[in-house]
Amino acid sequence: MTSLDQQLIAVLQEFFHRDAFEFPPDTFLKDLPGWDSIAHVKLMRILETEFNVRFSVRDMVRMTTIDEIRRILESRLSNAR
């Protein structure tokens, strides 16, 4: 597990109030308890702050699984270097 994966899991655990929950890569956000469009926007903003990146609207729409979030984060972080 990379440091990005560890940091992402930590953010997700805090956001969903689920300590030690694994969040498999193929997890769809819509399948998590309490998920709705407002939660989606809140999570995107938290991720932007935590990782010091900016997502486009297109990115946010594509971020429906844990794996897609990780891929887009990797892309944004590599573009920032």
# chains A, B, ... in the order shown; residues from 1 in each chain; ligands from 1
$ closest_atom_pairs --of "stretch 21-43 of chain A" --to "stretch 58-71 of chain A" --cutoff "10 Å" --atoms "only C-alpha atoms" --output "JSON lines"
{"residue": "A:Phe23", "atom": "CA", "partner": "A:Ile66", "partner_atom": "CA", "distance": 7.1}
{"residue": "A:Pro24", "atom": "CA", "partner": "A:Ile66", "partner_atom": "CA", "distance": 7.2}
{"residue": "A:Pro25", "atom": "CA", "partner": "A:Asp67", "partner_atom": "CA", "distance": 4.5}
{"residue": "A:Asp26", "atom": "CA", "partner": "A:Thr65", "partner_atom": "CA", "distance": 6.0}
{"residue": "A:Thr27", "atom": "CA", "partner": "A:Thr65", "partner_atom": "CA", "distance": 5.4}
{"residue": "A:Phe28", "atom": "CA", "partner": "A:Thr65", "partner_atom": "CA", "distance": 4.4}
{"residue": "A:Leu29", "atom": "CA", "partner": "A:Thr65", "partner_atom": "CA", "distance": 5.7}
{"residue": "A:Lys30", "atom": "CA", "partner": "A:Thr64", "partner_atom": "CA", "distance": 7.4}
{"residue": "A:Asp31", "atom": "CA", "partner": "A:Thr65", "partner_atom": "CA", "distance": 9.6}
{"residue": "A:His40", "atom": "CA", "partner": "A:Met60", "partner_atom": "CA", "distance": 8.3}
{"residue": "A:Val41", "atom": "CA", "partner": "A:Met60", "partner_atom": "CA", "distance": 8.1}
{"residue": "A:Leu43", "atom": "CA", "partner": "A:Met60", "partner_atom": "CA", "distance": 9.9}
$ residues_around --residues "A:Ala80" --least-positions-apart "4" --cutoff "10 Å" --atoms "only C-alpha atoms" --output "MDAnalysis selection string"
chainID A and resid 52:54 74:76
$ write_last_selection --atoms "C-alpha atoms" --output "PDB file, in the first residue's frame"
ATOM      1  CA  ASN A  52      -3.586  20.296  -1.948  1.00  0.00           C
ATOM      2  CA  VAL A  53      -5.096  19.683  -5.401  1.00  0.00           C
ATOM      3  CA  ARG A  54      -8.023  20.984  -7.421  1.00  0.00           C
ATOM      4  CA  GLU A  74      -2.405  10.372  -8.574  1.00  0.00           C
ATOM      5  CA  SER A  75      -2.921  12.270 -11.810  1.00  0.00           C
ATOM      6  CA  ARG A  76      -3.429  15.611 -10.059  1.00  0.00           C
TER       7      ARG A  76
END
$ atom_distance --atom1 "atom CA of A:Asp36" --atom2 "atom CA of A:Phe16"
12.4 Å
$ atom_distance --atom1 "atom CA of A:Glu22" --atom2 "atom CA of A:Ile9"
7.2 Å
$ residues_around --residues "A:Lys42" --least-positions-apart "5" --cutoff "12 Å" --atoms "only C-alpha atoms" --output "number ranges by chain"
A: 11-12, 15-16, 35-37, 47-49, 60
$ atom_distance --atom1 "atom CA of A:Met1" --atom2 "atom CA of A:Arg18"
19.0 Å
$ select_by_dssp --residues "chain A" --states "helix (DSSP H, G or I)" --output "JSON, numbers by chain"
{"A": [3, 4, 5, 6, 7, 8, 9, 10, 11, 12, 13, 14, 15, 16, 29, 30, 31, 37, 38, 39, 40, 41, 42, 43, 44, 45, 46, 47, 48, 49, 50, 51, 57, 58, 59, 60, 61, 62, 66, 67, 68, 69, 70, 71, 72, 73, 74, 75, 76, 77, 78, 79, 80]}
$ write_last_selection --atoms "N, CA and C atoms" --output "compact mmCIF listing (two decimals), in the first residue's frame"
# COMPACT_ATOMS: atom_id res chain seq x y z
N SER A 3 1.85 5.40 0.21
CA SER A 3 1.50 6.45 1.17
C SER A 3 0.24 7.18 0.74
N LEU A 4 0.03 7.31 -0.59
CA LEU A 4 -1.21 7.92 -1.09
C LEU A 4 -2.40 7.09 -0.66
N ASP A 5 -2.30 5.77 -0.83
CA ASP A 5 -3.39 4.88 -0.43
C ASP A 5 -3.67 5.00 1.06
N GLN A 6 -2.62 5.03 1.86
CA GLN A 6 -2.78 5.13 3.31
C GLN A 6 -3.44 6.45 3.70
N GLN A 7 -3.00 7.53 3.07
CA GLN A 7 -3.57 8.85 3.37
C GLN A 7 -5.04 8.90 2.93
N LEU A 8 -5.33 8.35 1.76
CA LEU A 8 -6.71 8.32 1.27
C LEU A 8 -7.60 7.51 2.20
N ILE A 9 -7.15 6.34 2.61
CA ILE A 9 -7.94 5.51 3.52
C ILE A 9 -8.18 6.24 4.84
N ALA A 10 -7.16 6.94 5.34
CA ALA A 10 -7.32 7.69 6.59
C ALA A 10 -8.38 8.77 6.45
N VAL A 11 -8.37 9.48 5.32
CA VAL A 11 -9.38 10.52 5.07
C VAL A 11 -10.76 9.89 5.00
N LEU A 12 -10.89 8.78 4.29
CA LEU A 12 -12.19 8.11 4.15
C LEU A 12 -12.69 7.58 5.49
N GLN A 13 -11.79 7.00 6.29
CA GLN A 13 -12.20 6.51 7.60
C GLN A 13 -12.72 7.64 8.48
N GLU A 14 -12.04 8.76 8.44
CA GLU A 14 -12.50 9.91 9.24
C GLU A 14 -13.82 10.45 8.70
N PHE A 15 -13.91 10.59 7.38
CA PHE A 15 -15.11 11.16 6.77
C PHE A 15 -16.34 10.29 7.06
N PHE A 16 -16.18 8.98 6.97
CA PHE A 16 -17.31 8.07 7.18
C PHE A 16 -17.42 7.59 8.62
N LEU A 29 -18.96 4.62 -3.96
CA LEU A 29 -19.35 5.54 -2.89
C LEU A 29 -20.84 5.49 -2.63
N LYS A 30 -21.63 5.34 -3.67
CA LYS A 30 -23.10 5.32 -3.52
C LYS A 30 -23.59 4.16 -2.66
N ASP A 31 -22.74 3.15 -2.48
CA ASP A 31 -23.12 2.00 -1.68
C ASP A 31 -22.79 2.16 -0.20
N SER A 37 -25.49 13.41 -2.75
CA SER A 37 -24.73 14.39 -3.53
C SER A 37 -24.01 15.41 -2.64
N ILE A 38 -24.60 15.74 -1.52
CA ILE A 38 -23.96 16.69 -0.61
C ILE A 38 -22.71 16.05 0.01
N ALA A 39 -22.81 14.80 0.39
CA ALA A 39 -21.65 14.09 0.93
C ALA A 39 -20.54 14.02 -0.13
N HIS A 40 -20.93 13.83 -1.38
CA HIS A 40 -19.95 13.76 -2.47
C HIS A 40 -19.17 15.07 -2.57
N VAL A 41 -19.88 16.17 -2.58
CA VAL A 41 -19.22 17.48 -2.69
C VAL A 41 -18.33 17.73 -1.47
N LYS A 42 -18.81 17.40 -0.29
CA LYS A 42 -18.01 17.59 0.93
C LYS A 42 -16.73 16.77 0.87
N LEU A 43 -16.85 15.50 0.44
CA LEU A 43 -15.66 14.66 0.36
C LEU A 43 -14.67 15.21 -0.67
N MET A 44 -15.17 15.67 -1.81
CA MET A 44 -14.27 16.21 -2.83
C MET A 44 -13.50 17.42 -2.28
N ARG A 45 -14.17 18.28 -1.54
CA ARG A 45 -13.52 19.46 -0.96
C ARG A 45 -12.49 19.06 0.10
N ILE A 46 -12.82 18.08 0.91
CA ILE A 46 -11.88 17.59 1.91
C ILE A 46 -10.64 17.01 1.22
N LEU A 47 -10.84 16.24 0.17
CA LEU A 47 -9.71 15.66 -0.56
C LEU A 47 -8.85 16.75 -1.20
N GLU A 48 -9.49 17.77 -1.75
CA GLU A 48 -8.73 18.88 -2.34
C GLU A 48 -7.85 19.55 -1.28
N THR A 49 -8.41 19.75 -0.11
CA THR A 49 -7.65 20.38 0.97
C THR A 49 -6.54 19.46 1.47
N GLU A 50 -6.89 18.23 1.73
CA GLU A 50 -5.93 17.27 2.29
C GLU A 50 -4.73 17.04 1.37
N PHE A 51 -5.00 16.95 0.06
CA PHE A 51 -3.94 16.65 -0.89
C PHE A 51 -3.42 17.88 -1.64
N VAL A 57 -14.89 19.68 -12.48
CA VAL A 57 -16.23 19.11 -12.34
C VAL A 57 -16.23 17.72 -12.97
N ARG A 58 -15.55 17.58 -14.10
CA ARG A 58 -15.48 16.27 -14.78
C ARG A 58 -14.83 15.23 -13.86
N ASP A 59 -13.74 15.62 -13.18
CA ASP A 59 -13.10 14.71 -12.22
C ASP A 59 -14.10 14.27 -11.16
N MET A 60 -14.79 15.24 -10.59
CA MET A 60 -15.71 14.94 -9.50
C MET A 60 -16.82 13.99 -9.93
N VAL A 61 -17.29 14.15 -11.15
CA VAL A 61 -18.34 13.27 -11.66
C VAL A 61 -17.80 11.85 -11.84
N ARG A 62 -16.54 11.74 -12.25
CA ARG A 62 -15.93 10.42 -12.47
C ARG A 62 -15.55 9.71 -11.17
N ILE A 66 -13.58 4.11 -5.05
CA ILE A 66 -12.34 4.41 -4.35
C ILE A 66 -11.17 4.37 -5.33
N ASP A 67 -11.16 3.40 -6.23
CA ASP A 67 -10.07 3.30 -7.20
C ASP A 67 -10.02 4.51 -8.13
N GLU A 68 -11.17 4.99 -8.56
CA GLU A 68 -11.19 6.16 -9.44
C GLU A 68 -10.71 7.41 -8.69
N ILE A 69 -11.06 7.53 -7.44
CA ILE A 69 -10.56 8.64 -6.63
C ILE A 69 -9.04 8.58 -6.57
N ARG A 70 -8.49 7.39 -6.29
CA ARG A 70 -7.05 7.23 -6.22
C ARG A 70 -6.37 7.58 -7.55
N ARG A 71 -6.94 7.11 -8.64
CA ARG A 71 -6.35 7.40 -9.96
C ARG A 71 -6.33 8.90 -10.25
N ILE A 72 -7.42 9.56 -9.98
CA ILE A 72 -7.49 11.01 -10.25
C ILE A 72 -6.55 11.77 -9.32
N LEU A 73 -6.49 11.36 -8.06
CA LEU A 73 -5.55 11.98 -7.14
C LEU A 73 -4.12 11.81 -7.62
N GLU A 74 -3.75 10.61 -8.05
CA GLU A 74 -2.40 10.37 -8.57
C GLU A 74 -2.11 11.29 -9.75
N SER A 75 -3.08 11.42 -10.63
CA SER A 75 -2.92 12.27 -11.81
C SER A 75 -2.72 13.72 -11.40
N ARG A 76 -3.54 14.21 -10.50
CA ARG A 76 -3.43 15.61 -10.06
C ARG A 76 -2.11 15.86 -9.33
N LEU A 77 -1.70 14.91 -8.50
CA LEU A 77 -0.46 15.06 -7.75
C LEU A 77 0.76 15.02 -8.68
N SER A 78 0.72 14.19 -9.69
CA SER A 78 1.85 14.13 -10.63
C SER A 78 1.92 15.38 -11.51
N ASN A 79 0.76 15.98 -11.80
CA ASN A 79 0.73 17.22 -12.58
C ASN A 79 1.23 18.42 -11.77
N ALA A 80 1.13 18.31 -10.44
CA ALA A 80 1.54 19.41 -9.57
C ALA A 80 3.05 19.47 -9.38
